[in-house]
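Participant: For reference, the file query_34.cif (mmCIF, C-alpha atoms (C1' of nucleotides)) is included below:
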```
data_my_file
loop_
_atom_site.label_atom_id
_atom_site.label_comp_id
_atom_site.auth_asym_id
_atom_site.auth_seq_id
_atom_site.Cartn_x
_atom_site.Cartn_y
_atom_site.Cartn_z
CA MET I 203 -9.45 44.69 -52.77
CA LEU I 204 -10.69 46.48 -49.70
CA THR I 205 -12.60 43.72 -48.00
CA THR I 206 -9.76 41.36 -47.36
CA LYS I 207 -10.19 38.69 -44.74
CA LYS I 208 -8.05 40.71 -42.42
CA THR I 209 -10.15 43.82 -42.87
CA ILE I 210 -13.33 41.93 -42.12
CA ARG I 211 -11.96 40.43 -38.94
CA ARG I 212 -10.67 43.80 -37.95
CA GLN I 213 -14.09 45.33 -38.40
CA PHE I 214 -15.55 42.54 -36.32
CA ILE I 215 -13.20 43.44 -33.51
CA LEU I 216 -14.23 47.08 -33.81
CA ASP I 217 -17.92 46.17 -33.71
CA GLU I 218 -17.53 44.01 -30.64
CA ALA I 219 -15.45 46.72 -29.03
CA ALA I 220 -18.17 49.29 -29.65
CA LYS I 221 -20.74 47.04 -27.99
CA LEU I 222 -18.55 46.51 -24.97
CA PHE I 223 -17.52 50.16 -24.70
CA LYS I 224 -21.16 51.13 -24.81
CA GLU I 225 -22.03 48.62 -22.13
CA LYS I 226 -19.14 49.01 -19.73
CA GLY I 227 -17.32 52.13 -20.84
CA TYR I 228 -13.90 52.44 -22.44
CA GLY I 229 -12.02 52.26 -19.17
CA GLY I 230 -14.22 49.48 -17.90
CA THR I 231 -13.51 47.25 -20.87
CA SER I 232 -10.25 45.32 -20.81
CA MET I 233 -8.51 43.88 -23.82
CA ARG I 234 -9.10 40.46 -22.29
CA ASP I 235 -12.82 41.16 -22.07
CA LEU I 236 -12.85 42.15 -25.70
CA ALA I 237 -10.76 39.15 -26.71
CA GLY I 238 -13.27 36.89 -25.00
CA ASN I 239 -16.13 38.35 -27.03
CA VAL I 240 -14.14 38.16 -30.23
CA GLY I 241 -13.02 34.59 -29.67
CA LEU I 242 -9.30 35.20 -29.48
CA GLU I 243 -6.66 35.68 -26.86
CA ALA I 244 -5.87 39.28 -26.04
CA ALA I 245 -2.44 39.11 -27.59
CA SER I 246 -3.81 37.78 -30.88
CA MET I 247 -5.87 40.88 -31.52
CA TYR I 248 -2.72 42.89 -31.96
CA ASN I 249 -2.41 41.36 -35.41
CA TYR I 250 -5.44 43.40 -36.38
CA ILE I 251 -5.17 46.56 -34.33
CA LYS I 252 -2.25 48.59 -33.09
CA SER I 253 -3.56 49.42 -29.64
CA LYS I 254 -6.66 49.88 -27.53
CA ASP I 255 -6.44 53.59 -28.28
CA GLU I 256 -6.57 52.90 -31.98
CA ILE I 257 -9.84 51.02 -31.59
CA LEU I 258 -11.42 54.08 -30.01
CA GLU I 259 -9.95 56.35 -32.66
CA LEU I 260 -11.32 54.28 -35.52
CA ILE I 261 -14.80 54.12 -34.03
CA CYS I 262 -14.97 57.82 -33.22
CA SER I 263 -13.52 59.11 -36.47
CA ARG I 264 -15.83 56.95 -38.56
CA ILE I 265 -18.93 58.26 -36.80
CA ALA I 266 -17.68 61.84 -36.88
CA GLY I 267 -17.12 61.52 -40.61
CA ILE I 268 -20.66 60.30 -41.18
CA TYR I 269 -22.17 63.16 -39.24
CA ILE I 270 -20.16 65.78 -41.05
CA SER I 271 -20.87 64.46 -44.51
CA GLN I 272 -24.58 64.21 -43.73
CA LEU I 273 -24.68 67.81 -42.57
CA HIS I 274 -22.81 68.84 -45.68
CA ASP I 275 -25.33 67.06 -47.91
CA ILE I 276 -28.30 68.68 -46.24
CA GLU I 277 -26.81 72.14 -46.28
CA GLN I 278 -26.64 71.93 -50.05
CA THR I 279 -30.27 70.95 -50.64
CA ALA I 280 -32.89 73.54 -51.55
CA ALA I 281 -35.48 73.16 -48.83
CA SER I 282 -36.97 75.25 -46.07
CA TYR I 283 -34.98 75.50 -42.87
CA ALA I 284 -37.65 73.57 -41.05
CA ASP I 285 -37.31 70.74 -43.54
CA LYS I 286 -33.55 70.82 -43.29
CA VAL I 287 -33.69 70.56 -39.53
CA LYS I 288 -36.24 67.78 -39.77
CA ALA I 289 -34.07 65.90 -42.23
CA LEU I 290 -31.09 66.25 -39.94
CA ILE I 291 -33.07 64.95 -36.98
CA ARG I 292 -34.15 62.01 -39.07
CA LEU I 293 -30.59 61.20 -40.03
CA HIS I 294 -29.52 61.38 -36.41
CA ILE I 295 -32.19 58.95 -35.36
CA ARG I 296 -31.49 56.58 -38.19
CA LEU I 297 -27.79 56.51 -37.49
CA MET I 298 -28.55 55.88 -33.85
CA VAL I 299 -30.84 52.98 -34.67
CA GLU I 300 -28.48 51.46 -37.22
CA GLU I 301 -25.16 52.09 -35.52
CA GLY I 302 -26.20 52.34 -31.91
CA PRO I 303 -23.04 51.08 -30.21
CA ALA I 304 -20.59 53.04 -32.34
CA VAL I 305 -22.60 56.25 -32.00
CA SER I 306 -22.83 55.70 -28.28
CA VAL I 307 -19.06 55.35 -28.05
CA ALA I 308 -18.52 58.50 -30.10
CA ASN I 309 -20.91 60.31 -27.76
CA HIS I 310 -19.56 59.09 -24.44
CA ASP I 311 -16.02 57.80 -24.72
CA TRP I 312 -14.48 60.33 -27.06
CA LYS I 313 -12.91 62.04 -24.05
CA TYR I 314 -10.52 59.14 -23.64
CA LEU I 315 -9.05 59.73 -27.09
CA PRO I 316 -5.31 60.42 -26.95
CA GLU I 317 -3.89 63.58 -28.43
CA PRO I 318 -3.89 64.70 -31.16
CA GLN I 319 -7.08 62.83 -32.03
CA LEU I 320 -8.84 64.32 -29.04
CA THR I 321 -8.35 67.85 -30.29
CA ALA I 322 -9.33 66.86 -33.80
CA PHE I 323 -12.51 65.19 -32.61
CA LYS I 324 -13.52 68.15 -30.48
CA GLN I 325 -12.92 70.46 -33.40
CA ALA I 326 -15.00 68.29 -35.71
CA ARG I 327 -17.83 68.28 -33.24
CA LYS I 328 -17.62 72.03 -32.83
CA ASP I 329 -17.76 72.48 -36.59
CA TYR I 330 -20.77 70.23 -36.77
CA GLU I 331 -22.57 72.09 -34.01
CA LYS I 332 -21.79 75.39 -35.67
CA GLY I 333 -23.24 74.22 -38.96
CA PHE I 334 -26.36 72.91 -37.27
CA ALA I 335 -26.70 76.12 -35.26
CA GLN I 336 -26.53 78.16 -38.45
CA LEU I 337 -29.47 76.28 -39.91
CA ILE I 338 -31.45 77.10 -36.79
CA GLU I 339 -30.32 80.71 -36.81
CA GLN I 340 -31.23 81.18 -40.45
CA GLY I 341 -34.57 79.55 -39.80
CA MET I 342 -35.23 82.06 -37.07
CA ALA I 343 -34.17 84.94 -39.28
CA ALA I 344 -36.50 83.66 -41.99
CA GLY I 345 -39.35 83.59 -39.49
CA GLU I 346 -39.74 79.83 -39.61
CA PHE I 347 -38.67 79.29 -36.00
CA GLN I 348 -39.41 80.91 -32.68
CA PRO I 349 -36.83 83.39 -31.43
CA LEU I 350 -35.11 81.22 -28.84
CA ASN I 351 -31.55 81.06 -27.69
CA VAL I 352 -29.87 79.20 -30.51
CA SER I 353 -27.70 77.07 -28.24
CA VAL I 354 -30.68 75.96 -26.20
CA ALA I 355 -32.56 74.96 -29.34
CA LEU I 356 -29.55 73.21 -30.79
CA PHE I 357 -28.62 71.23 -27.71
CA THR I 358 -32.19 70.34 -26.90
CA ILE I 359 -32.43 68.74 -30.31
CA LEU I 360 -29.05 67.04 -30.12
CA SER I 361 -29.72 65.75 -26.63
CA ALA I 362 -33.15 64.42 -27.50
CA VAL I 363 -31.85 62.35 -30.39
CA ARG I 364 -28.66 61.38 -28.63
CA TRP I 365 -30.46 59.43 -25.98
CA VAL I 366 -32.49 57.36 -28.37
CA GLU I 367 -29.94 54.60 -28.09
CA LEU I 368 -30.40 54.45 -24.34
CA TRP I 369 -34.03 53.50 -24.28
CA TYR I 370 -35.25 52.69 -27.78
CA ARG I 371 -35.41 49.01 -28.65
CA PRO I 372 -36.80 48.19 -32.11
CA GLY I 373 -39.74 45.85 -32.28
CA ARG I 374 -41.34 46.72 -29.00
CA GLY I 375 -44.53 48.40 -30.10
CA LEU I 376 -42.83 51.43 -31.60
CA SER I 377 -41.47 51.37 -35.12
CA ALA I 378 -38.52 53.45 -36.23
CA GLU I 379 -40.85 55.56 -38.38
CA GLU I 380 -43.20 56.35 -35.51
CA LEU I 381 -40.20 57.17 -33.38
CA GLU I 382 -38.96 59.65 -35.96
CA GLU I 383 -42.36 61.25 -36.40
CA ASP I 384 -43.04 61.66 -32.72
CA ILE I 385 -39.62 63.07 -31.92
CA ILE I 386 -39.91 65.56 -34.74
CA THR I 387 -43.39 66.57 -33.63
CA MET I 388 -42.15 66.94 -30.09
CA LEU I 389 -39.17 69.08 -31.07
CA LEU I 390 -40.82 71.17 -33.75
CA SER I 391 -44.37 71.54 -32.43
CA GLY I 392 -43.91 70.79 -28.73
CA LEU I 393 -45.79 68.66 -26.29
CA ALA I 394 -48.56 71.11 -25.47
CA LYS I 395 -51.66 71.38 -27.61
CA MET N 54 -24.82 67.06 15.94
CA LEU N 55 -24.86 66.00 12.32
CA THR N 56 -22.26 68.32 10.89
CA THR N 57 -19.27 67.00 12.74
CA LYS N 58 -15.84 67.73 11.43
CA LYS N 59 -15.66 64.19 10.15
CA THR N 60 -18.95 64.51 8.26
CA ILE N 61 -17.82 67.71 6.60
CA ARG N 62 -14.55 66.23 5.43
CA ARG N 63 -16.41 63.19 4.23
CA GLN N 64 -18.74 65.33 2.17
CA PHE N 65 -15.74 67.13 0.74
CA ILE N 66 -14.34 63.82 -0.43
CA LEU N 67 -17.69 62.97 -2.01
CA ASP N 68 -17.84 66.32 -3.78
CA GLU N 69 -14.34 66.00 -5.16
CA ALA N 70 -15.12 62.44 -6.20
CA ALA N 71 -18.20 63.58 -8.09
CA LYS N 72 -16.14 66.15 -9.99
CA LEU N 73 -13.52 63.59 -10.92
CA PHE N 74 -16.04 60.90 -11.83
CA LYS N 75 -17.79 63.36 -14.07
CA GLU N 76 -14.54 64.37 -15.72
CA LYS N 77 -12.83 61.03 -16.12
CA GLY N 78 -15.48 58.44 -15.35
CA TYR N 79 -15.72 56.11 -12.37
CA GLY N 80 -13.33 53.54 -13.76
CA GLY N 81 -10.96 56.23 -14.98
CA THR N 82 -10.61 57.79 -11.55
CA SER N 83 -8.22 56.12 -9.14
CA MET N 84 -8.28 56.47 -5.40
CA ARG N 85 -4.84 58.05 -5.68
CA ASP N 86 -6.22 60.62 -8.13
CA LEU N 87 -8.99 61.43 -5.72
CA ALA N 88 -6.62 61.58 -2.78
CA GLY N 89 -4.49 64.06 -4.68
CA ASN N 90 -7.47 66.36 -5.22
CA VAL N 91 -8.58 66.00 -1.61
CA GLY N 92 -5.12 66.66 -0.20
CA LEU N 93 -4.59 63.31 1.49
CA GLU N 94 -2.89 60.03 0.78
CA ALA N 95 -5.13 57.35 -0.66
CA ALA N 96 -4.97 55.25 2.48
CA SER N 97 -6.03 58.17 4.68
CA MET N 98 -9.37 58.52 2.96
CA TYR N 99 -10.45 55.18 4.34
CA ASN N 100 -10.98 56.93 7.66
CA TYR N 101 -13.94 58.66 6.04
CA ILE N 102 -15.29 56.18 3.53
CA LYS N 103 -15.49 52.41 3.47
CA SER N 104 -14.63 51.84 -0.18
CA LYS N 105 -14.63 53.35 -3.64
CA ASP N 106 -17.94 51.63 -4.25
CA GLU N 107 -19.44 53.36 -1.25
CA ILE N 108 -18.54 56.75 -2.67
CA LEU N 109 -20.52 55.96 -5.81
CA GLU N 110 -23.42 54.59 -3.80
CA LEU N 111 -23.65 57.68 -1.62
CA ILE N 112 -23.61 60.04 -4.59
CA CYS N 113 -26.17 58.07 -6.58
CA SER N 114 -28.59 57.42 -3.76
CA ARG N 115 -28.55 61.03 -2.66
CA ILE N 116 -29.46 62.27 -6.13
CA ALA N 117 -32.05 59.55 -6.63
CA GLY N 118 -33.67 60.55 -3.34
CA ILE N 119 -33.89 64.17 -4.40
CA TYR N 120 -35.53 63.31 -7.71
CA ILE N 121 -38.09 61.04 -6.10
CA SER N 122 -39.08 63.45 -3.36
CA GLN N 123 -39.41 66.28 -5.87
CA LEU N 124 -41.69 64.21 -8.06
CA HIS N 125 -43.71 63.27 -5.00
CA ASP N 126 -44.12 66.92 -4.02
CA ILE N 127 -45.30 67.94 -7.46
CA GLU N 128 -47.73 65.07 -7.81
CA GLN N 129 -49.52 66.33 -4.74
CA THR N 130 -49.98 69.91 -5.88
CA ALA N 131 -53.21 71.06 -7.48
CA ALA N 132 -52.14 72.40 -10.84
CA SER N 133 -52.71 71.63 -14.49
CA TYR N 134 -50.68 68.82 -15.95
CA ALA N 135 -48.85 71.29 -18.14
CA ASP N 136 -47.83 73.24 -15.07
CA LYS N 137 -46.77 70.10 -13.27
CA VAL N 138 -44.59 69.04 -16.16
CA LYS N 139 -43.15 72.53 -16.39
CA ALA N 140 -42.39 72.53 -12.69
CA LEU N 141 -40.66 69.19 -12.98
CA ILE N 142 -38.56 70.40 -15.88
CA ARG N 143 -37.59 73.42 -13.84
CA LEU N 144 -36.53 71.28 -10.91
CA HIS N 145 -34.45 69.10 -13.18
CA ILE N 146 -32.64 72.05 -14.62
CA ARG N 147 -32.05 73.62 -11.23
CA LEU N 148 -30.67 70.45 -9.77
CA MET N 149 -28.41 70.13 -12.78
CA VAL N 150 -27.12 73.66 -12.37
CA GLU N 151 -26.65 73.38 -8.61
CA GLU N 152 -25.39 69.83 -8.34
CA GLY N 153 -23.91 69.31 -11.77
CA PRO N 154 -21.18 66.80 -10.96
CA ALA N 155 -23.28 64.61 -8.66
CA VAL N 156 -26.18 64.54 -11.12
CA SER N 157 -23.78 63.70 -13.90
CA VAL N 158 -22.41 60.78 -11.92
CA ALA N 159 -25.91 59.51 -11.14
CA ASN N 160 -26.70 59.73 -14.84
CA HIS N 161 -23.59 58.10 -16.24
CA ASP N 162 -21.80 56.00 -13.65
CA TRP N 163 -24.72 54.33 -11.89
CA LYS N 164 -24.04 51.21 -13.94
CA TYR N 165 -20.90 50.57 -11.96
CA LEU N 166 -22.86 50.29 -8.71
CA PRO N 167 -22.41 46.91 -7.04
CA GLU N 168 -25.37 44.74 -6.22
CA PRO N 169 -27.75 45.13 -4.54
CA GLN N 170 -27.52 48.91 -4.95
CA LEU N 171 -27.53 48.55 -8.71
CA THR N 172 -30.92 46.86 -8.72
CA ALA N 173 -32.29 49.34 -6.21
CA PHE N 174 -31.11 52.29 -8.27
CA LYS N 175 -32.59 50.92 -11.47
CA GLN N 176 -35.87 50.31 -9.71
CA ALA N 177 -35.91 53.84 -8.29
CA ARG N 178 -35.29 55.25 -11.73
CA LYS N 179 -38.02 53.11 -13.22
CA ASP N 180 -40.45 54.30 -10.55
CA TYR N 181 -39.52 57.88 -11.25
CA GLU N 182 -39.98 57.48 -14.98
CA LYS N 183 -43.32 55.79 -14.42
CA GLY N 184 -44.53 58.66 -12.24
CA PHE N 185 -43.37 61.22 -14.79
CA ALA N 186 -44.97 59.26 -17.60
CA GLN N 187 -48.27 59.22 -15.76
CA LEU N 188 -48.28 62.99 -15.56
CA ILE N 189 -47.80 63.12 -19.31
CA GLU N 190 -50.43 60.47 -19.94
CA GLN N 191 -52.98 62.21 -17.77
CA GLY N 192 -52.18 65.46 -19.50
CA MET N 193 -52.91 63.85 -22.82
CA ALA N 194 -56.15 62.35 -21.53
CA ALA N 195 -57.15 65.77 -20.24
CA GLY N 196 -56.52 67.24 -23.68
CA GLU N 197 -53.64 69.43 -22.50
CA PHE N 198 -51.02 67.60 -24.53
CA GLN N 199 -50.73 66.27 -28.03
CA PRO N 200 -51.40 62.55 -28.47
CA LEU N 201 -47.82 61.35 -28.81
CA ASN N 202 -46.15 58.17 -27.75
CA VAL N 203 -45.70 58.69 -24.03
CA SER N 204 -42.23 57.21 -23.89
CA VAL N 205 -41.03 59.44 -26.68
CA ALA N 206 -42.39 62.50 -24.92
CA LEU N 207 -40.96 61.42 -21.58
CA PHE N 208 -37.48 60.59 -22.78
CA THR N 209 -37.26 63.61 -25.02
CA ILE N 210 -37.86 65.75 -21.96
CA LEU N 211 -35.51 63.79 -19.72
CA SER N 212 -32.79 63.77 -22.34
CA ALA N 213 -33.08 67.46 -23.04
CA VAL N 214 -32.61 68.41 -19.41
CA ARG N 215 -30.05 65.71 -18.71
CA TRP N 216 -27.54 67.20 -21.05
CA VAL N 217 -27.66 70.66 -19.59
CA GLU N 218 -24.64 69.85 -17.49
CA LEU N 219 -22.64 69.01 -20.57
CA TRP N 220 -22.76 72.35 -22.23
CA TYR N 221 -24.30 74.95 -19.92
CA ARG N 222 -21.89 77.17 -18.07
CA PRO N 223 -23.42 79.86 -15.86
CA GLY N 224 -22.38 83.41 -16.49
CA ARG N 225 -21.73 83.14 -20.18
CA GLY N 226 -24.48 85.27 -21.63
CA LEU N 227 -27.30 82.96 -20.62
CA SER N 228 -28.80 83.11 -17.15
CA ALA N 229 -30.31 80.11 -15.44
CA GLU N 230 -33.75 81.70 -15.75
CA GLU N 231 -33.45 82.21 -19.49
CA LEU N 232 -32.20 78.68 -19.81
CA GLU N 233 -35.27 77.36 -18.01
CA GLU N 234 -37.67 79.45 -20.03
CA ASP N 235 -36.21 78.54 -23.39
CA ILE N 236 -36.02 74.84 -22.66
CA ILE N 237 -39.62 74.83 -21.48
CA THR N 238 -40.74 76.75 -24.55
CA MET N 239 -38.82 74.37 -26.74
CA LEU N 240 -40.30 71.27 -25.12
CA LEU N 241 -43.85 72.50 -24.64
CA SER N 242 -44.36 74.72 -27.69
CA GLY N 243 -41.67 73.44 -30.02
CA LEU N 244 -39.12 75.16 -32.20
CA ALA N 245 -41.38 75.92 -35.13
CA LYS N 246 -43.54 79.02 -35.23
"C1'" DG P 159 4.32 67.47 31.37
"C1'" DG P 160 1.66 62.53 30.30
"C1'" DC P 161 -2.46 59.79 28.51
"C1'" DT P 162 -5.98 58.69 25.15
"C1'" DC P 163 -8.11 58.77 20.86
"C1'" DT P 164 -8.31 60.16 16.25
"C1'" DT P 165 -6.14 61.04 11.93
"C1'" DA P 166 -2.49 60.45 8.48
"C1'" DC P 167 1.13 58.01 6.32
"C1'" DG P 168 4.43 54.69 3.96
"C1'" DA P 169 4.82 50.19 2.59
"C1'" DA P 170 3.03 46.32 1.05
"C1'" DC P 171 -0.69 42.98 -0.62
"C1'" DA P 172 -2.88 40.56 -4.42
"C1'" DC P 173 -4.73 41.52 -8.67
"C1'" DT P 174 -5.62 43.66 -13.17
"C1'" DT P 175 -4.12 46.58 -16.85
"C1'" DG P 176 -2.15 47.15 -21.96
"C1'" DT P 177 1.38 45.35 -24.42
"C1'" DT P 178 5.45 42.58 -26.18
"C1'" DA P 179 8.53 38.50 -27.34
"C1'" DG P 180 9.07 33.96 -28.86
"C1'" DA P 181 7.38 29.69 -29.86
"C1'" DA P 182 3.75 26.83 -31.83
"C1'" DA P 183 0.20 26.06 -35.02
"C1'" DA P 184 -2.21 26.95 -39.33
"C1'" DA P 185 -2.60 28.42 -43.95
"C1'" DG P 186 -0.88 29.31 -48.62
"C1'" DC P 187 1.70 27.92 -52.17
"C1'" DA P 188 5.43 25.52 -54.93
"C1'" DT G 137 5.67 16.76 -50.00
"C1'" DG G 138 8.51 20.85 -48.01
"C1'" DC G 139 9.05 25.95 -47.50
"C1'" DT G 140 7.26 30.51 -46.20
"C1'" DT G 141 4.15 33.53 -44.31
"C1'" DT G 142 0.44 34.53 -41.47
"C1'" DT G 143 -2.10 33.74 -37.41
"C1'" DT G 144 -2.54 32.32 -32.61
"C1'" DC G 145 -1.05 31.13 -28.29
"C1'" DT G 146 1.48 31.07 -23.71
"C1'" DA G 147 4.25 33.61 -20.69
"C1'" DA G 148 5.85 37.47 -19.03
"C1'" DC G 149 6.67 42.57 -18.37
"C1'" DA G 150 6.13 46.92 -15.89
"C1'" DA G 151 2.81 49.86 -14.28
"C1'" DG G 152 -1.41 50.80 -11.93
"C1'" DT G 153 -5.57 49.16 -9.20
"C1'" DG G 154 -8.32 49.15 -4.47
"C1'" DT G 155 -7.35 48.09 -0.03
"C1'" DT G 156 -5.05 46.69 4.56
"C1'" DC G 157 -1.65 46.94 8.32
"C1'" DG G 158 1.35 48.84 11.62
"C1'" DT G 159 3.09 52.88 13.03
"C1'" DA G 160 3.86 57.68 13.54
"C1'" DA G 161 2.05 62.22 14.13
"C1'" DG G 162 -1.44 65.15 15.94
"C1'" DA G 163 -5.40 66.89 18.87
"C1'" DG G 164 -7.89 67.23 23.15
"C1'" DC G 165 -7.98 66.87 27.92
"C1'" DC G 166 -6.09 66.03 32.83
#
```
Would you mind writing the file out in structure tokens?
Facilitator:
Amino acid sequence: MLTTKKTIRRQFILDEAAKLFKEKGYGGTSMRDLAGNVGLEAASMYNYIKSKDEILELICSRIAGIYISQLHDIEQTAASYADKVKALIRLHIRLMVEEGPAVSVANHDWKYLPEPQLTAFKQARKDYEKGFAQLIEQGMAAGEFQPLNVSVALFTILSAVRWVELWYRPGRGLSAEELEEDIITMLLSGLAK
Amino acid sequence: MLTTKKTIRRQFILDEAAKLFKEKGYGGTSMRDLAGNVGLEAASMYNYIKSKDEILELICSRIAGIYISQLHDIEQTAASYADKVKALIRLHIRLMVEEGPAVSVANHDWKYLPEPQLTAFKQARKDYEKGFAQLIEQGMAAGEFQPLNVSVALFTILSAVRWVELWYRPGRGLSAEELEEDIITMLLSGLAK
DNA sequence: GGCTCTTACGAACACTTGTTAGAAAAAGCA
DNA sequence: TGCTTTTTCTAACAAGTGTTCGTAAGAGCC
């Protein structure tokens, strides 16, 4: 059985850690802080996790895995490049809305990963960016997109969706669907009329 | 005279601090780290700055001041809203290219500001965002822009330019001018043809 | 030279950090 | 019930934190 009691508690620690890391940063969060939020003493958490580093590793690698498998899925569909890019943007936004804290940690605190996980994470991200860039490049070659610098297009998209977690709060006059639609309109069609 | 020897050395400490804060975060940078980069012992730096907090305050408030005065300047020009937004995007990118580390610190480490500077900084940022949002809103009312959610448009723009410092390196096949043009095209006209 | 004022340093401070060891408590099971 | 295993705690550790103090070295000026 995968969902043992221990595994569940462990995941709870990871979730609380992600929230705190997002709020105060990896370095700014102490094991005693985390223990307080979890409802244990700091020492007791070591029955569930090996180290503070390991917490960061587990959060980052899980998110990285999701991103990569999502890209892989989309690459294999038979759709226009514009639709593929749109679908990818949608997945980014959804993941951000559903897993805000963990995604935030993977975006900001990955640099505190110890080796060799740091190198692995950077490589995974590079692979992901390369795959995404290829979609954009092929879309340009097919005449679906404007002939822009591919990196600029790529990072403008990634940046725009990355910061959703910083200012978007569900249930404040803007639904997740409207958010998706408007971001896609903005990125694909632009602000100007 | 403003540029005394002391002031210059002080600014050097602030510049080195910004680089380190950007690289390793505010909490991840120790005064001994900073002293090493400056070429002094940690204790000696206290002849130039009052505290580690003060370093962060000086960096953040300087950048905040630049943003606000730039917005103010643009608001008072007589141009179309599209041109005003374009000009603001340009200024963002330029500041990012010229003052990368300091801007990065103001974007990421402001949350470690002590009170009351923290509240002041958040208020300044809110004011700035409100002013920027008004430009977008007026542009929509004037029929220059598409009728999107204003916050989505605003934060998509801010996010896109904010992350320039994370991946743009001058002199690597993409000039600052091309960068500006492509980002503006992307944000105003969109990726799709 | 000597005198003054600024700058730099080493040592120490009180405190926090992640982590471990050993004992106590709780839970599972016969 | 008693025995075993898991979970939790308290206490402590070595290392690192920002900062202060007293003193030594240096610079500028007579």
Participant: Assuming the chain letters and numbering stay as they are in my file, what does the PyMOL selection byres ((chain G) within 10 of (chain I)) actually select? List them as a list in words.
Facilitator: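 Taken over the shown coordinates, the PyMOL selection byres ((chain G) within 10 of (chain I)) returns DT142, DT143, DT144, DC145 and DT146 of chain G.
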Participant: For Ala159 in chain N, please output as a PyMOL selection string all residues within 8 Å (counting only C-alpha atoms (C1' of nucleotides); exclusion window: fewer than 5 positions along the same chain).
Facilitator: chain N and resi 112-113+116-117
Participant: Pairing the C-alpha atoms in order and superposing chain N on chain I, what is the resulting RMSD?
Facilitator: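 Here the C-alpha RMSD works out to 0.1 Å.
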Participant: With all atoms listed in the file considered, list every residue of chain P at most 9 Å from chain I, as a list in words.
Facilitator: DT175, DG176, DT177 and DT178 of chain P
Participant: Output C-alpha atoms (C1' of nucleotides) for every residue in that selection, as a compact mmCIF listing (two decimals), keeping the file's coordinate frame.
Facilitator:
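The resulting file, out-v3.txt, is reproduced below:
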```txt
# COMPACT_ATOMS: atom_id res chain seq x y z
C1' DT P 175 -4.12 46.58 -16.85
C1' DG P 176 -2.15 47.15 -21.96
C1' DT P 177 1.38 45.35 -24.42
C1' DT P 178 5.45 42.58 -26.18
```
Participant: Any chance you could work out the residue set of the PyMOL selection byres ((chain N) within 7 of (chain I)) here, as a list in words?
Facilitator: Gly80, Gly81, Glu197, Phe198, Gln199, Leu201, Asn202, Val205, Ala206, Thr209, Ser212, Ala213, Trp216, Asp235, Ile236, Met239, Leu240, Leu241, Ser242, Gly243, Leu244, Ala245 and Lys246 of chain N
Participant: Report as a ChimeraX atom specification the full result of the PyMOL selection byres ((chain P and resi 185) around 10) when it is applied to this structure.
Facilitator: /P:183-184,186-187 /G:141-143
Participant: Restricting the calculation to only C-alpha atoms: of N:Ile119, N:Leu124, N:Val91, N:Leu166, which residue gets closest to Lys139 in chain N?
Facilitator: N:Leu124
Participant: How far is it from CA of Arg63 in chain N to CA of Leu111 in chain N, in Å with one decimal?
Facilitator: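 These two atoms are separated by 10.8 Å.
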Participant: I want to know what sits within 9 Å of range 157-161 of chain G, based on all atoms listed in the file, with residues of the same chain fewer than 4 positions away left out; could you give that as a PyMOL selection string?
Facilitator: chain P and resi 165-167+170
Participant: For C-alpha atoms (C1' of nucleotides), I'd like the residues from the last selection saved as a PDB file, in the frame of the given file.
Facilitator:
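selection_34.pdb, freshly written:
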```pdb
ATOM      1  C1'  DT P 165      -6.140  61.040  11.930  1.00  0.00           C
ATOM      2  C1'  DA P 166      -2.490  60.450   8.480  1.00  0.00           C
ATOM      3  C1'  DC P 167       1.130  58.010   6.320  1.00  0.00           C
ATOM      4  C1'  DA P 170       3.030  46.320   1.050  1.00  0.00           C
TER       5       DA P 170
END
```
Participant: Provide the CA of Ala281 in chain I to CA of Phe323 in chain I distance in Å, to one decimal place.
Facilitator: 29.2 Å
Participant: One number please: CA of Glu277 in chain I to CA of Gly226 in chain N, in Å, one decimal.
Facilitator: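 Computed distance, CA of Glu277 in chain I to CA of Gly226 in chain N, equals 28.0 Å.
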Participant: Please define a box with edges along x, y and z of the file around all atoms of range 171-178 of chain P given in the file, extend it by 8 Å on each side, and return its centre and edge lengths in Å to one decimal, as JSON.
Facilitator:
```
{"center_x": -0.1, "center_y": 43.9, "center_z": -13.4, "size_x": 27.1, "size_y": 22.6, "size_z": 41.6}
```
Participant: Which residue, I:Val287, I:Leu297, I:Ala304, I:Ile276, has the smallest gap to Leu216 in chain I when you use only C-alpha atoms?
Facilitator: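 Using only C-alpha atoms, Leu216 in chain I sits closest to I:Ala304.
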